[in-house]
file input.pdb (PDB, N, CA and C atoms)
ATOM      1  N   MET A   1     -29.388-168.756-119.870
ATOM      2  CA  MET A   1     -28.110-168.085-119.799
ATOM      3  C   MET A   1     -27.250-168.494-120.988
ATOM      4  N   ASN A   2     -26.585-167.532-121.530
ATOM      5  CA  ASN A   2     -25.717-167.761-122.663
ATOM      6  C   ASN A   2     -24.290-167.934-122.146
ATOM      7  N   LYS A   3     -23.838-169.181-122.045
ATOM      8  CA  LYS A   3     -22.530-169.490-121.453
ATOM      9  C   LYS A   3     -21.365-169.029-122.320
ATOM     10  N   ILE A   4     -21.592-168.754-123.583
ATOM     11  CA  ILE A   4     -20.499-168.309-124.449
ATOM     12  C   ILE A   4     -19.986-166.940-124.013
ATOM     13  N   GLU A   5     -20.828-166.164-123.345
ATOM     14  CA  GLU A   5     -20.388-164.852-122.861
ATOM     15  C   GLU A   5     -19.336-164.987-121.773
ATOM     16  N   ILE A   6     -19.388-166.058-121.001
ATOM     17  CA  ILE A   6     -18.347-166.290-119.998
ATOM     18  C   ILE A   6     -17.010-166.544-120.689
ATOM     19  N   VAL A   7     -17.041-167.283-121.784
ATOM     20  CA  VAL A   7     -15.815-167.538-122.548
ATOM     21  C   VAL A   7     -15.286-166.235-123.142
ATOM     22  N   TYR A   8     -16.191-165.394-123.658
ATOM     23  CA  TYR A   8     -15.765-164.091-124.172
ATOM     24  C   TYR A   8     -15.113-163.258-123.073
ATOM     25  N   GLY A   9     -15.688-163.281-121.894
ATOM     26  CA  GLY A   9     -15.108-162.553-120.772
ATOM     27  C   GLY A   9     -13.752-163.105-120.370
ATOM     28  N   LEU A  10     -13.606-164.425-120.431
ATOM     29  CA  LEU A  10     -12.322-165.059-120.138
ATOM     30  C   LEU A  10     -11.260-164.608-121.126
ATOM     31  N   ILE A  11     -11.620-164.592-122.399
ATOM     32  CA  ILE A  11     -10.681-164.155-123.435
ATOM     33  C   ILE A  11     -10.342-162.679-123.252
ATOM     34  N   ILE A  12     -11.341-161.860-122.968
ATOM     35  CA  ILE A  12     -11.113-160.428-122.749
ATOM     36  C   ILE A  12     -10.182-160.225-121.553
ATOM     37  N   GLY A  13     -10.397-160.982-120.478
ATOM     38  CA  GLY A  13      -9.560-160.846-119.290
ATOM     39  C   GLY A  13      -8.112-161.222-119.537
ATOM     40  N   ILE A  14      -7.882-162.281-120.282
ATOM     41  CA  ILE A  14      -6.505-162.703-120.566
ATOM     42  C   ILE A  14      -5.836-161.715-121.513
ATOM     43  N   LEU A  15      -6.569-161.253-122.525
ATOM     44  CA  LEU A  15      -5.993-160.263-123.444
ATOM     45  C   LEU A  15      -5.707-158.938-122.735
ATOM     46  N   ALA A  16      -6.566-158.554-121.808
ATOM     47  CA  ALA A  16      -6.328-157.322-121.046
ATOM     48  C   ALA A  16      -5.085-157.465-120.177
ATOM     49  N   SER A  17      -4.861-158.637-119.639
ATOM     50  CA  SER A  17      -3.662-158.863-118.836
ATOM     51  C   SER A  17      -2.400-158.787-119.691
ATOM     52  N   LEU A  18      -2.469-159.353-120.889
ATOM     53  CA  LEU A  18      -1.332-159.241-121.804
ATOM     54  C   LEU A  18      -1.077-157.787-122.186
ATOM     55  N   LEU A  19      -2.149-157.057-122.429
ATOM     56  CA  LEU A  19      -2.012-155.635-122.748
ATOM     57  C   LEU A  19      -1.421-154.870-121.566
ATOM     58  N   GLY A  20      -1.860-155.190-120.357
ATOM     59  CA  GLY A  20      -1.318-154.537-119.173
ATOM     60  C   GLY A  20       0.156-154.826-118.990
ATOM     61  N   CYS A  21       0.570-156.070-119.236
ATOM     62  CA  CYS A  21       1.992-156.422-119.153
ATOM     63  C   CYS A  21       2.793-155.667-120.210
ATOM     64  N   ALA A  22       2.254-155.603-121.420
ATOM     65  CA  ALA A  22       2.947-154.890-122.495
ATOM     66  C   ALA A  22       3.055-153.403-122.187
ATOM     67  N   LEU A  23       1.999-152.821-121.650
ATOM     68  CA  LEU A  23       2.055-151.403-121.281
ATOM     69  C   LEU A  23       3.070-151.158-120.174
ATOM     70  N   PHE A  24       3.119-152.035-119.189
ATOM     71  CA  PHE A  24       4.082-151.862-118.108
ATOM     72  C   PHE A  24       5.502-151.928-118.634
ATOM     73  N   ILE A  25       5.768-152.898-119.508
ATOM     74  CA  ILE A  25       7.118-153.029-120.063
ATOM     75  C   ILE A  25       7.448-151.831-120.946
ATOM     76  N   ALA A  26       6.490-151.378-121.742
ATOM     77  CA  ALA A  26       6.742-150.247-122.646
ATOM     78  C   ALA A  26       6.960-148.943-121.885
ATOM     79  N   LEU A  27       6.236-148.752-120.795
ATOM     80  CA  LEU A  27       6.327-147.482-120.073
ATOM     81  C   LEU A  27       7.470-147.428-119.072
ATOM     82  N   PHE A  28       7.833-148.557-118.474
ATOM     83  CA  PHE A  28       8.787-148.518-117.377
ATOM     84  C   PHE A  28      10.117-149.207-117.648
ATOM     85  N   THR A  29      10.297-149.750-118.841
ATOM     86  CA  THR A  29      11.589-150.338-119.200
ATOM     87  C   THR A  29      11.988-149.859-120.589
ATOM     88  N   PRO A  30      13.272-149.822-120.858
ATOM     89  CA  PRO A  30      13.708-149.406-122.203
ATOM     90  C   PRO A  30      13.752-150.557-123.211
ATOM     91  N   TYR A  31      13.176-151.708-122.860
ATOM     92  CA  TYR A  31      13.257-152.895-123.698
ATOM     93  C   TYR A  31      11.979-153.090-124.502
ATOM     94  N   SER A  32      12.087-153.932-125.543
ATOM     95  CA  SER A  32      10.896-154.318-126.290
ATOM     96  C   SER A  32      10.117-155.348-125.464
ATOM     97  N   PHE A  33       8.946-155.721-125.949
ATOM     98  CA  PHE A  33       8.080-156.632-125.188
ATOM     99  C   PHE A  33       8.744-157.984-124.967
ATOM    100  N   ILE A  34       9.276-158.580-126.007
ATOM    101  CA  ILE A  34       9.878-159.915-125.900
ATOM    102  C   ILE A  34      11.128-159.877-125.020
ATOM    103  N   ASN A  35      11.984-158.864-125.243
ATOM    104  CA  ASN A  35      13.184-158.750-124.420
ATOM    105  C   ASN A  35      12.834-158.417-122.967
ATOM    106  N   GLY A  36      11.812-157.627-122.770
ATOM    107  CA  GLY A  36      11.374-157.290-121.417
ATOM    108  C   GLY A  36      10.850-158.510-120.679
ATOM    109  N   ILE A  37      10.064-159.336-121.370
ATOM    110  CA  ILE A  37       9.560-160.571-120.760
ATOM    111  C   ILE A  37      10.721-161.490-120.400
ATOM    112  N   ALA A  38      11.698-161.618-121.298
ATOM    113  CA  ALA A  38      12.855-162.478-121.027
ATOM    114  C   ALA A  38      13.648-161.953-119.834
ATOM    115  N   LEU A  39      13.807-160.647-119.750
ATOM    116  CA  LEU A  39      14.546-160.046-118.643
ATOM    117  C   LEU A  39      13.815-160.238-117.318
ATOM    118  N   VAL A  40      12.507-160.028-117.328
ATOM    119  CA  VAL A  40      11.710-160.200-116.113
ATOM    120  C   VAL A  40      11.704-161.663-115.687
ATOM    121  N   LYS A  41      11.599-162.567-116.644
ATOM    122  CA  LYS A  41      11.608-163.998-116.328
ATOM    123  C   LYS A  41      12.968-164.417-115.769
ATOM    124  N   ALA A  42      14.048-163.876-116.331
ATOM    125  CA  ALA A  42      15.383-164.201-115.837
ATOM    126  C   ALA A  42      15.579-163.678-114.418
ATOM    127  N   GLY A  43      14.944-162.559-114.104
ATOM    128  CA  GLY A  43      15.047-161.998-112.767
ATOM    129  C   GLY A  43      14.119-162.656-111.761
ATOM    130  N   GLY A  44      13.248-163.537-112.214
ATOM    131  CA  GLY A  44      12.332-164.230-111.317
ATOM    132  C   GLY A  44      11.129-163.397-110.918
ATOM    133  N   ASN A  45      10.792-162.395-111.708
ATOM    134  CA  ASN A  45       9.685-161.494-111.381
ATOM    135  C   ASN A  45       8.512-161.600-112.342
ATOM    136  N   LEU A  46       8.391-162.713-113.029
ATOM    137  CA  LEU A  46       7.312-162.864-114.006
ATOM    138  C   LEU A  46       5.945-162.864-113.338
ATOM    139  N   GLY A  47       5.826-163.458-112.182
ATOM    140  CA  GLY A  47       4.557-163.466-111.452
ATOM    141  C   GLY A  47       4.129-162.064-111.057
ATOM    142  N   LYS A  48       5.087-161.244-110.675
ATOM    143  CA  LYS A  48       4.777-159.864-110.312
ATOM    144  C   LYS A  48       4.322-159.065-111.526
ATOM    145  N   LEU A  49       4.941-159.333-112.671
ATOM    146  CA  LEU A  49       4.542-158.637-113.895
ATOM    147  C   LEU A  49       3.116-159.020-114.302
ATOM    148  N   ILE A  50       2.796-160.286-114.192
ATOM    149  CA  ILE A  50       1.441-160.735-114.528
ATOM    150  C   ILE A  50       0.429-160.105-113.579
ATOM    151  N   THR A  51       0.789-160.013-112.310
ATOM    152  CA  THR A  51      -0.099-159.392-111.330
ATOM    153  C   THR A  51      -0.337-157.927-111.658
ATOM    154  N   LEU A  52       0.705-157.218-112.038
ATOM    155  CA  LEU A  52       0.536-155.818-112.439
ATOM    156  C   LEU A  52      -0.292-155.692-113.715
ATOM    157  N   GLY A  53      -0.151-156.663-114.604
ATOM    158  CA  GLY A  53      -0.910-156.632-115.846
ATOM    159  C   GLY A  53      -2.398-156.853-115.649
ATOM    160  N   THR A  54      -2.767-157.545-114.587
ATOM    161  CA  THR A  54      -4.184-157.821-114.367
ATOM    162  C   THR A  54      -4.932-156.656-113.737
ATOM    163  N   ILE A  55      -4.255-155.576-113.468
ATOM    164  CA  ILE A  55      -4.938-154.396-112.926
ATOM    165  C   ILE A  55      -5.982-153.867-113.921
ATOM    166  N   LEU A  56      -5.716-154.026-115.199
ATOM    167  CA  LEU A  56      -6.698-153.601-116.210
ATOM    168  C   LEU A  56      -8.001-154.390-116.109
ATOM    169  N   ASN A  57      -7.936-155.597-115.568
ATOM    170  CA  ASN A  57      -9.151-156.398-115.425
ATOM    171  C   ASN A  57     -10.151-155.748-114.479
ATOM    172  N   ILE A  58      -9.670-155.012-113.505
ATOM    173  CA  ILE A  58     -10.580-154.324-112.584
ATOM    174  C   ILE A  58     -11.421-153.305-113.347
ATOM    175  N   ILE A  59     -10.769-152.532-114.188
ATOM    176  CA  ILE A  59     -11.475-151.522-114.972
ATOM    177  C   ILE A  59     -12.472-152.173-115.917
ATOM    178  N   ILE A  60     -12.039-153.228-116.593
ATOM    179  CA  ILE A  60     -12.923-153.923-117.533
ATOM    180  C   ILE A  60     -14.098-154.563-116.802
ATOM    181  N   PHE A  61     -13.842-155.116-115.625
ATOM    182  CA  PHE A  61     -14.905-155.725-114.829
ATOM    183  C   PHE A  61     -16.005-154.710-114.519
ATOM    184  N   PHE A  62     -15.632-153.540-114.046
ATOM    185  CA  PHE A  62     -16.643-152.547-113.700
ATOM    186  C   PHE A  62     -17.317-151.954-114.942
ATOM    187  N   LEU A  63     -16.605-151.858-116.050
ATOM    188  CA  LEU A  63     -17.234-151.415-117.294
ATOM    189  C   LEU A  63     -18.282-152.425-117.766
ATOM    190  N   LEU A  64     -17.966-153.693-117.666
ATOM    191  CA  LEU A  64     -18.927-154.714-118.071
ATOM    192  C   LEU A  64     -20.148-154.721-117.161
ATOM    193  N   LEU A  65     -19.942-154.495-115.873
ATOM    194  CA  LEU A  65     -21.086-154.394-114.970
ATOM    195  C   LEU A  65     -21.938-153.171-115.286
ATOM    196  N   TYR A  66     -21.291-152.072-115.655
ATOM    197  CA  TYR A  66     -22.023-150.862-116.004
ATOM    198  C   TYR A  66     -22.901-151.085-117.228
ATOM    199  N   PHE A  67     -22.395-151.840-118.206
ATOM    200  CA  PHE A  67     -23.150-152.114-119.426
ATOM    201  C   PHE A  67     -24.027-153.365-119.301
ATOM    202  N   LYS A  68     -24.212-153.855-118.075
ATOM    203  CA  LYS A  68     -25.106-154.983-117.781
ATOM    204  C   LYS A  68     -24.697-156.274-118.497
ATOM    205  N   LYS A  69     -23.412-156.531-118.537
ATOM    206  CA  LYS A  69     -22.864-157.764-119.113
ATOM    207  C   LYS A  69     -22.283-158.611-117.978
ATOM    208  N   GLU A  70     -23.172-159.129-117.123
ATOM    209  CA  GLU A  70     -22.741-159.832-115.922
ATOM    210  C   GLU A  70     -21.982-161.117-116.233
ATOM    211  N   LEU A  71     -22.398-161.835-117.261
ATOM    212  CA  LEU A  71     -21.708-163.084-117.583
ATOM    213  C   LEU A  71     -20.302-162.828-118.114
ATOM    214  N   MET A  72     -20.123-161.778-118.887
ATOM    215  CA  MET A  72     -18.776-161.431-119.337
ATOM    216  C   MET A  72     -17.913-160.991-118.150
ATOM    217  N   ALA A  73     -18.523-160.288-117.211
ATOM    218  CA  ALA A  73     -17.790-159.880-116.011
ATOM    219  C   ALA A  73     -17.351-161.105-115.220
ATOM    220  N   ARG A  74     -18.189-162.141-115.174
ATOM    221  CA  ARG A  74     -17.796-163.382-114.521
ATOM    222  C   ARG A  74     -16.595-164.008-115.219
ATOM    223  N   GLY A  75     -16.576-163.945-116.544
ATOM    224  CA  GLY A  75     -15.439-164.464-117.299
ATOM    225  C   GLY A  75     -14.161-163.717-116.997
ATOM    226  N   VAL A  76     -14.256-162.407-116.810
ATOM    227  CA  VAL A  76     -13.082-161.610-116.454
ATOM    228  C   VAL A  76     -12.576-162.009-115.067
ATOM    229  N   VAL A  77     -13.496-162.247-114.140
ATOM    230  CA  VAL A  77     -13.097-162.702-112.805
ATOM    231  C   VAL A  77     -12.454-164.085-112.895
ATOM    232  N   LEU A  78     -12.999-164.953-113.730
ATOM    233  CA  LEU A  78     -12.416-166.274-113.923
ATOM    234  C   LEU A  78     -11.001-166.170-114.486
ATOM    235  N   ALA A  79     -10.795-165.279-115.453
ATOM    236  CA  ALA A  79      -9.462-165.071-116.015
ATOM    237  C   ALA A  79      -8.504-164.572-114.942
ATOM    238  N   THR A  80      -8.979-163.683-114.090
ATOM    239  CA  THR A  80      -8.135-163.172-113.015
ATOM    240  C   THR A  80      -7.758-164.286-112.040
ATOM    241  N   LEU A  81      -8.711-165.150-111.726
ATOM    242  CA  LEU A  81      -8.410-166.269-110.833
ATOM    243  C   LEU A  81      -7.426-167.253-111.459
ATOM    244  N   ILE A  82      -7.591-167.526-112.741
ATOM    245  CA  ILE A  82      -6.669-168.426-113.439
ATOM    246  C   ILE A  82      -5.263-167.840-113.444
ATOM    247  N   LEU A  83      -5.157-166.551-113.720
ATOM    248  CA  LEU A  83      -3.841-165.913-113.721
ATOM    249  C   LEU A  83      -3.245-165.849-112.320
ATOM    250  N   ALA A  84      -4.079-165.708-111.299
ATOM    251  CA  ALA A  84      -3.581-165.700-109.918
ATOM    252  C   ALA A  84      -3.001-167.064-109.547
ATOM    253  N   VAL A  85      -3.689-168.136-109.936
ATOM    254  CA  VAL A  85      -3.174-169.482-109.667
ATOM    255  C   VAL A  85      -1.894-169.711-110.468
ATOM    256  N   TYR A  86      -1.851-169.210-111.685
ATOM    257  CA  TYR A  86      -0.650-169.359-112.513
ATOM    258  C   TYR A  86       0.542-168.650-111.886
ATOM    259  N   THR A  87       0.320-167.478-111.309
ATOM    260  CA  THR A  87       1.432-166.739-110.703
ATOM    261  C   THR A  87       1.954-167.435-109.442
ATOM    262  N   LEU A  88       1.122-168.255-108.813
ATOM    263  CA  LEU A  88       1.606-169.020-107.663
ATOM    264  C   LEU A  88       2.643-170.058-108.067
ATOM    265  N   PHE A  89       2.519-170.576-109.288
ATOM    266  CA  PHE A  89       3.418-171.629-109.731
ATOM    267  C   PHE A  89       4.556-171.138-110.615
ATOM    268  N   VAL A  90       4.584-169.860-110.932
ATOM    269  CA  VAL A  90       5.655-169.327-111.786
ATOM    270  C   VAL A  90       6.819-168.920-110.946
TER     271      VAL A  90
END

call {"tool": "encode", "arguments": {"input": "input.pdb", "output": "structure tokens"}}
result
Amino acid sequence: MNKIEIVYGLIIGILASLLGCALFIALFTPYSFINGIALVKAGGNLGKLITLGTILNIIIFFLLLYFKKELMARGVVLATLILAVYTLFV
């Protein structure tokens, strides 16, 4: 087994979550990314934003399974779990 693929999946999962957060802020708020993050953090909703951002991980997970990249899919699940634990403490 090539364990580096799990790391690639972890990186893909975290980047997809950042992209999901940026898309949510761009589509549903009139603020820029940095100002939107500051506003959401000030409102105490940063955990909810991260949770919404990880929705893209579901799509990426099933795409990786379709292309037979099971270890990368495991990395995406690991990234989702790490972000879930992070949202508990934010």

call {"tool": "atom_distance", "arguments": {"input": "input.pdb", "atom1": "atom CA of A:Phe28", "atom2": "atom CA of A:Ala16"}}
result
17.9 Å

call {"tool": "select_by_dssp", "arguments": {"input": "input.pdb", "residues": "chain A", "states": "alpha helix (DSSP H)", "output": "tab-separated table (two decimals) with N, CA and C atoms, in the coordinates of the input"}}
result
chain	number	residue	atom	x	y	z
A	4	ILE	N	-21.59	-168.75	-123.58
A	4	ILE	CA	-20.50	-168.31	-124.45
A	4	ILE	C	-19.99	-166.94	-124.01
A	5	GLU	N	-20.83	-166.16	-123.34
A	5	GLU	CA	-20.39	-164.85	-122.86
A	5	GLU	C	-19.34	-164.99	-121.77
A	6	ILE	N	-19.39	-166.06	-121.00
A	6	ILE	CA	-18.35	-166.29	-120.00
A	6	ILE	C	-17.01	-166.54	-120.69
A	7	VAL	N	-17.04	-167.28	-121.78
A	7	VAL	CA	-15.82	-167.54	-122.55
A	7	VAL	C	-15.29	-166.24	-123.14
A	8	TYR	N	-16.19	-165.39	-123.66
A	8	TYR	CA	-15.76	-164.09	-124.17
A	8	TYR	C	-15.11	-163.26	-123.07
A	9	GLY	N	-15.69	-163.28	-121.89
A	9	GLY	CA	-15.11	-162.55	-120.77
A	9	GLY	C	-13.75	-163.10	-120.37
A	10	LEU	N	-13.61	-164.42	-120.43
A	10	LEU	CA	-12.32	-165.06	-120.14
A	10	LEU	C	-11.26	-164.61	-121.13
A	11	ILE	N	-11.62	-164.59	-122.40
A	11	ILE	CA	-10.68	-164.16	-123.44
A	11	ILE	C	-10.34	-162.68	-123.25
A	12	ILE	N	-11.34	-161.86	-122.97
A	12	ILE	CA	-11.11	-160.43	-122.75
A	12	ILE	C	-10.18	-160.22	-121.55
A	13	GLY	N	-10.40	-160.98	-120.48
A	13	GLY	CA	-9.56	-160.85	-119.29
A	13	GLY	C	-8.11	-161.22	-119.54
A	14	ILE	N	-7.88	-162.28	-120.28
A	14	ILE	CA	-6.50	-162.70	-120.57
A	14	ILE	C	-5.84	-161.72	-121.51
A	15	LEU	N	-6.57	-161.25	-122.52
A	15	LEU	CA	-5.99	-160.26	-123.44
A	15	LEU	C	-5.71	-158.94	-122.74
A	16	ALA	N	-6.57	-158.55	-121.81
A	16	ALA	CA	-6.33	-157.32	-121.05
A	16	ALA	C	-5.08	-157.46	-120.18
A	17	SER	N	-4.86	-158.64	-119.64
A	17	SER	CA	-3.66	-158.86	-118.84
A	17	SER	C	-2.40	-158.79	-119.69
A	18	LEU	N	-2.47	-159.35	-120.89
A	18	LEU	CA	-1.33	-159.24	-121.80
A	18	LEU	C	-1.08	-157.79	-122.19
A	19	LEU	N	-2.15	-157.06	-122.43
A	19	LEU	CA	-2.01	-155.64	-122.75
A	19	LEU	C	-1.42	-154.87	-121.57
A	20	GLY	N	-1.86	-155.19	-120.36
A	20	GLY	CA	-1.32	-154.54	-119.17
A	20	GLY	C	0.16	-154.83	-118.99
A	21	CYS	N	0.57	-156.07	-119.24
A	21	CYS	CA	1.99	-156.42	-119.15
A	21	CYS	C	2.79	-155.67	-120.21
A	22	ALA	N	2.25	-155.60	-121.42
A	22	ALA	CA	2.95	-154.89	-122.50
A	22	ALA	C	3.06	-153.40	-122.19
A	23	LEU	N	2.00	-152.82	-121.65
A	23	LEU	CA	2.06	-151.40	-121.28
A	23	LEU	C	3.07	-151.16	-120.17
A	24	PHE	N	3.12	-152.04	-119.19
A	24	PHE	CA	4.08	-151.86	-118.11
A	24	PHE	C	5.50	-151.93	-118.63
A	25	ILE	N	5.77	-152.90	-119.51
A	25	ILE	CA	7.12	-153.03	-120.06
A	25	ILE	C	7.45	-151.83	-120.95
A	26	ALA	N	6.49	-151.38	-121.74
A	26	ALA	CA	6.74	-150.25	-122.65
A	26	ALA	C	6.96	-148.94	-121.88
A	27	LEU	N	6.24	-148.75	-120.80
A	27	LEU	CA	6.33	-147.48	-120.07
A	27	LEU	C	7.47	-147.43	-119.07
A	28	PHE	N	7.83	-148.56	-118.47
A	28	PHE	CA	8.79	-148.52	-117.38
A	28	PHE	C	10.12	-149.21	-117.65
A	33	PHE	N	8.95	-155.72	-125.95
A	33	PHE	CA	8.08	-156.63	-125.19
A	33	PHE	C	8.74	-157.98	-124.97
A	34	ILE	N	9.28	-158.58	-126.01
A	34	ILE	CA	9.88	-159.92	-125.90
A	34	ILE	C	11.13	-159.88	-125.02
A	35	ASN	N	11.98	-158.86	-125.24
A	35	ASN	CA	13.18	-158.75	-124.42
A	35	ASN	C	12.83	-158.42	-122.97
A	36	GLY	N	11.81	-157.63	-122.77
A	36	GLY	CA	11.37	-157.29	-121.42
A	36	GLY	C	10.85	-158.51	-120.68
A	37	ILE	N	10.06	-159.34	-121.37
A	37	ILE	CA	9.56	-160.57	-120.76
A	37	ILE	C	10.72	-161.49	-120.40
A	38	ALA	N	11.70	-161.62	-121.30
A	38	ALA	CA	12.86	-162.48	-121.03
A	38	ALA	C	13.65	-161.95	-119.83
A	39	LEU	N	13.81	-160.65	-119.75
A	39	LEU	CA	14.55	-160.05	-118.64
A	39	LEU	C	13.82	-160.24	-117.32
A	40	VAL	N	12.51	-160.03	-117.33
A	40	VAL	CA	11.71	-160.20	-116.11
A	40	VAL	C	11.70	-161.66	-115.69
A	41	LYS	N	11.60	-162.57	-116.64
A	41	LYS	CA	11.61	-164.00	-116.33
A	41	LYS	C	12.97	-164.42	-115.77
A	42	ALA	N	14.05	-163.88	-116.33
A	42	ALA	CA	15.38	-164.20	-115.84
A	42	ALA	C	15.58	-163.68	-114.42
A	46	LEU	N	8.39	-162.71	-113.03
A	46	LEU	CA	7.31	-162.86	-114.01
A	46	LEU	C	5.94	-162.86	-113.34
A	47	GLY	N	5.83	-163.46	-112.18
A	47	GLY	CA	4.56	-163.47	-111.45
A	47	GLY	C	4.13	-162.06	-111.06
A	48	LYS	N	5.09	-161.24	-110.68
A	48	LYS	CA	4.78	-159.86	-110.31
A	48	LYS	C	4.32	-159.06	-111.53
A	49	LEU	N	4.94	-159.33	-112.67
A	49	LEU	CA	4.54	-158.64	-113.90
A	49	LEU	C	3.12	-159.02	-114.30
A	50	ILE	N	2.80	-160.29	-114.19
A	50	ILE	CA	1.44	-160.74	-114.53
A	50	ILE	C	0.43	-160.10	-113.58
A	51	THR	N	0.79	-160.01	-112.31
A	51	THR	CA	-0.10	-159.39	-111.33
A	51	THR	C	-0.34	-157.93	-111.66
A	52	LEU	N	0.70	-157.22	-112.04
A	52	LEU	CA	0.54	-155.82	-112.44
A	52	LEU	C	-0.29	-155.69	-113.72
A	53	GLY	N	-0.15	-156.66	-114.60
A	53	GLY	CA	-0.91	-156.63	-115.85
A	53	GLY	C	-2.40	-156.85	-115.65
A	55	ILE	N	-4.26	-155.58	-113.47
A	55	ILE	CA	-4.94	-154.40	-112.93
A	55	ILE	C	-5.98	-153.87	-113.92
A	56	LEU	N	-5.72	-154.03	-115.20
A	56	LEU	CA	-6.70	-153.60	-116.21
A	56	LEU	C	-8.00	-154.39	-116.11
A	57	ASN	N	-7.94	-155.60	-115.57
A	57	ASN	CA	-9.15	-156.40	-115.42
A	57	ASN	C	-10.15	-155.75	-114.48
A	58	ILE	N	-9.67	-155.01	-113.50
A	58	ILE	CA	-10.58	-154.32	-112.58
A	58	ILE	C	-11.42	-153.30	-113.35
A	59	ILE	N	-10.77	-152.53	-114.19
A	59	ILE	CA	-11.48	-151.52	-114.97
A	59	ILE	C	-12.47	-152.17	-115.92
A	60	ILE	N	-12.04	-153.23	-116.59
A	60	ILE	CA	-12.92	-153.92	-117.53
A	60	ILE	C	-14.10	-154.56	-116.80
A	61	PHE	N	-13.84	-155.12	-115.62
A	61	PHE	CA	-14.90	-155.72	-114.83
A	61	PHE	C	-16.00	-154.71	-114.52
A	62	PHE	N	-15.63	-153.54	-114.05
A	62	PHE	CA	-16.64	-152.55	-113.70
A	62	PHE	C	-17.32	-151.95	-114.94
A	63	LEU	N	-16.60	-151.86	-116.05
A	63	LEU	CA	-17.23	-151.42	-117.29
A	63	LEU	C	-18.28	-152.43	-117.77
A	64	LEU	N	-17.97	-153.69	-117.67
A	64	LEU	CA	-18.93	-154.71	-118.07
A	64	LEU	C	-20.15	-154.72	-117.16
A	65	LEU	N	-19.94	-154.50	-115.87
A	65	LEU	CA	-21.09	-154.39	-114.97
A	65	LEU	C	-21.94	-153.17	-115.29
A	66	TYR	N	-21.29	-152.07	-115.66
A	66	TYR	CA	-22.02	-150.86	-116.00
A	66	TYR	C	-22.90	-151.08	-117.23
A	70	GLU	N	-23.17	-159.13	-117.12
A	70	GLU	CA	-22.74	-159.83	-115.92
A	70	GLU	C	-21.98	-161.12	-116.23
A	71	LEU	N	-22.40	-161.84	-117.26
A	71	LEU	CA	-21.71	-163.08	-117.58
A	71	LEU	C	-20.30	-162.83	-118.11
A	72	MET	N	-20.12	-161.78	-118.89
A	72	MET	CA	-18.78	-161.43	-119.34
A	72	MET	C	-17.91	-160.99	-118.15
A	73	ALA	N	-18.52	-160.29	-117.21
A	73	ALA	CA	-17.79	-159.88	-116.01
A	73	ALA	C	-17.35	-161.10	-115.22
A	74	ARG	N	-18.19	-162.14	-115.17
A	74	ARG	CA	-17.80	-163.38	-114.52
A	74	ARG	C	-16.60	-164.01	-115.22
A	75	GLY	N	-16.58	-163.94	-116.54
A	75	GLY	CA	-15.44	-164.46	-117.30
A	75	GLY	C	-14.16	-163.72	-117.00
A	76	VAL	N	-14.26	-162.41	-116.81
A	76	VAL	CA	-13.08	-161.61	-116.45
A	76	VAL	C	-12.58	-162.01	-115.07
A	77	VAL	N	-13.50	-162.25	-114.14
A	77	VAL	CA	-13.10	-162.70	-112.80
A	77	VAL	C	-12.45	-164.08	-112.90
A	78	LEU	N	-13.00	-164.95	-113.73
A	78	LEU	CA	-12.42	-166.27	-113.92
A	78	LEU	C	-11.00	-166.17	-114.49
A	79	ALA	N	-10.80	-165.28	-115.45
A	79	ALA	CA	-9.46	-165.07	-116.02
A	79	ALA	C	-8.50	-164.57	-114.94
A	80	THR	N	-8.98	-163.68	-114.09
A	80	THR	CA	-8.14	-163.17	-113.02
A	80	THR	C	-7.76	-164.29	-112.04
A	81	LEU	N	-8.71	-165.15	-111.73
A	81	LEU	CA	-8.41	-166.27	-110.83
A	81	LEU	C	-7.43	-167.25	-111.46
A	82	ILE	N	-7.59	-167.53	-112.74
A	82	ILE	CA	-6.67	-168.43	-113.44
A	82	ILE	C	-5.26	-167.84	-113.44
A	83	LEU	N	-5.16	-166.55	-113.72
A	83	LEU	CA	-3.84	-165.91	-113.72
A	83	LEU	C	-3.24	-165.85	-112.32
A	84	ALA	N	-4.08	-165.71	-111.30
A	84	ALA	CA	-3.58	-165.70	-109.92
A	84	ALA	C	-3.00	-167.06	-109.55
A	85	VAL	N	-3.69	-168.14	-109.94
A	85	VAL	CA	-3.17	-169.48	-109.67
A	85	VAL	C	-1.89	-169.71	-110.47
A	86	TYR	N	-1.85	-169.21	-111.68
A	86	TYR	CA	-0.65	-169.36	-112.51
A	86	TYR	C	0.54	-168.65	-111.89
A	87	THR	N	0.32	-167.48	-111.31
A	87	THR	CA	1.43	-166.74	-110.70
A	87	THR	C	1.95	-167.44	-109.44
A	88	LEU	N	1.12	-168.26	-108.81
A	88	LEU	CA	1.61	-169.02	-107.66
A	88	LEU	C	2.64	-170.06	-108.07
A	89	PHE	N	2.52	-170.58	-109.29
A	89	PHE	CA	3.42	-171.63	-109.73
A	89	PHE	C	4.56	-171.14	-110.62

call {"tool": "residues_around", "arguments": {"input": "input.pdb", "residues": "A:Tyr86", "least_positions_apart": "6", "cutoff": "10 Å", "atoms": "only C-alpha atoms", "output": "PyMOL selection string"}}
result
chain A and resi 47+50+80

call {"tool": "atom_distance", "arguments": {"input": "input.pdb", "atom1": "atom N of A:Ser17", "atom2": "atom C of A:Gly53"}}
result
5.0 Å

call {"tool": "resolve_selection", "arguments": {"input": "input.pdb", "expression": "the PyMOL selection byres (((chain A and resi 2-14 and name CA) around 10) and name CA)", "output": "list in words"}}
result
Met1, Leu15, Ala16, Ser17, Leu18, Leu19, Gly20, Gly53, Thr54, Leu56, Asn57, Ile58, Ile60, Phe61, Leu64, Lys69, Glu70, Leu71, Met72, Ala73, Arg74, Gly75, Val76, Val77, Leu78, Ala79, Thr80, Ile82 and Leu83 of chain A

call {"tool": "atom_distance", "arguments": {"input": "input.pdb", "atom1": "atom C of A:Asn45", "atom2": "atom N of A:Leu23"}}
result
14.4 Å

call {"tool": "closest_residue", "arguments": {"input": "input.pdb", "among": "A:Ile34, A:Leu27, A:Ala22, A:Leu65", "to": "A:Leu49", "atoms": "all atoms listed in the file"}}
result
A:Ala22

call {"tool": "axis_aligned_box", "arguments": {"input": "input.pdb", "around": "stretch 63-79 of chain A", "padding_each_side": "5 Å", "output": "lines of an AutoDock Vina configuration file"}}
result
center_x = -16.8
center_y = -158.6
center_z = -116.1
size_x = 26.6
size_y = 25.4
size_z = 16.6
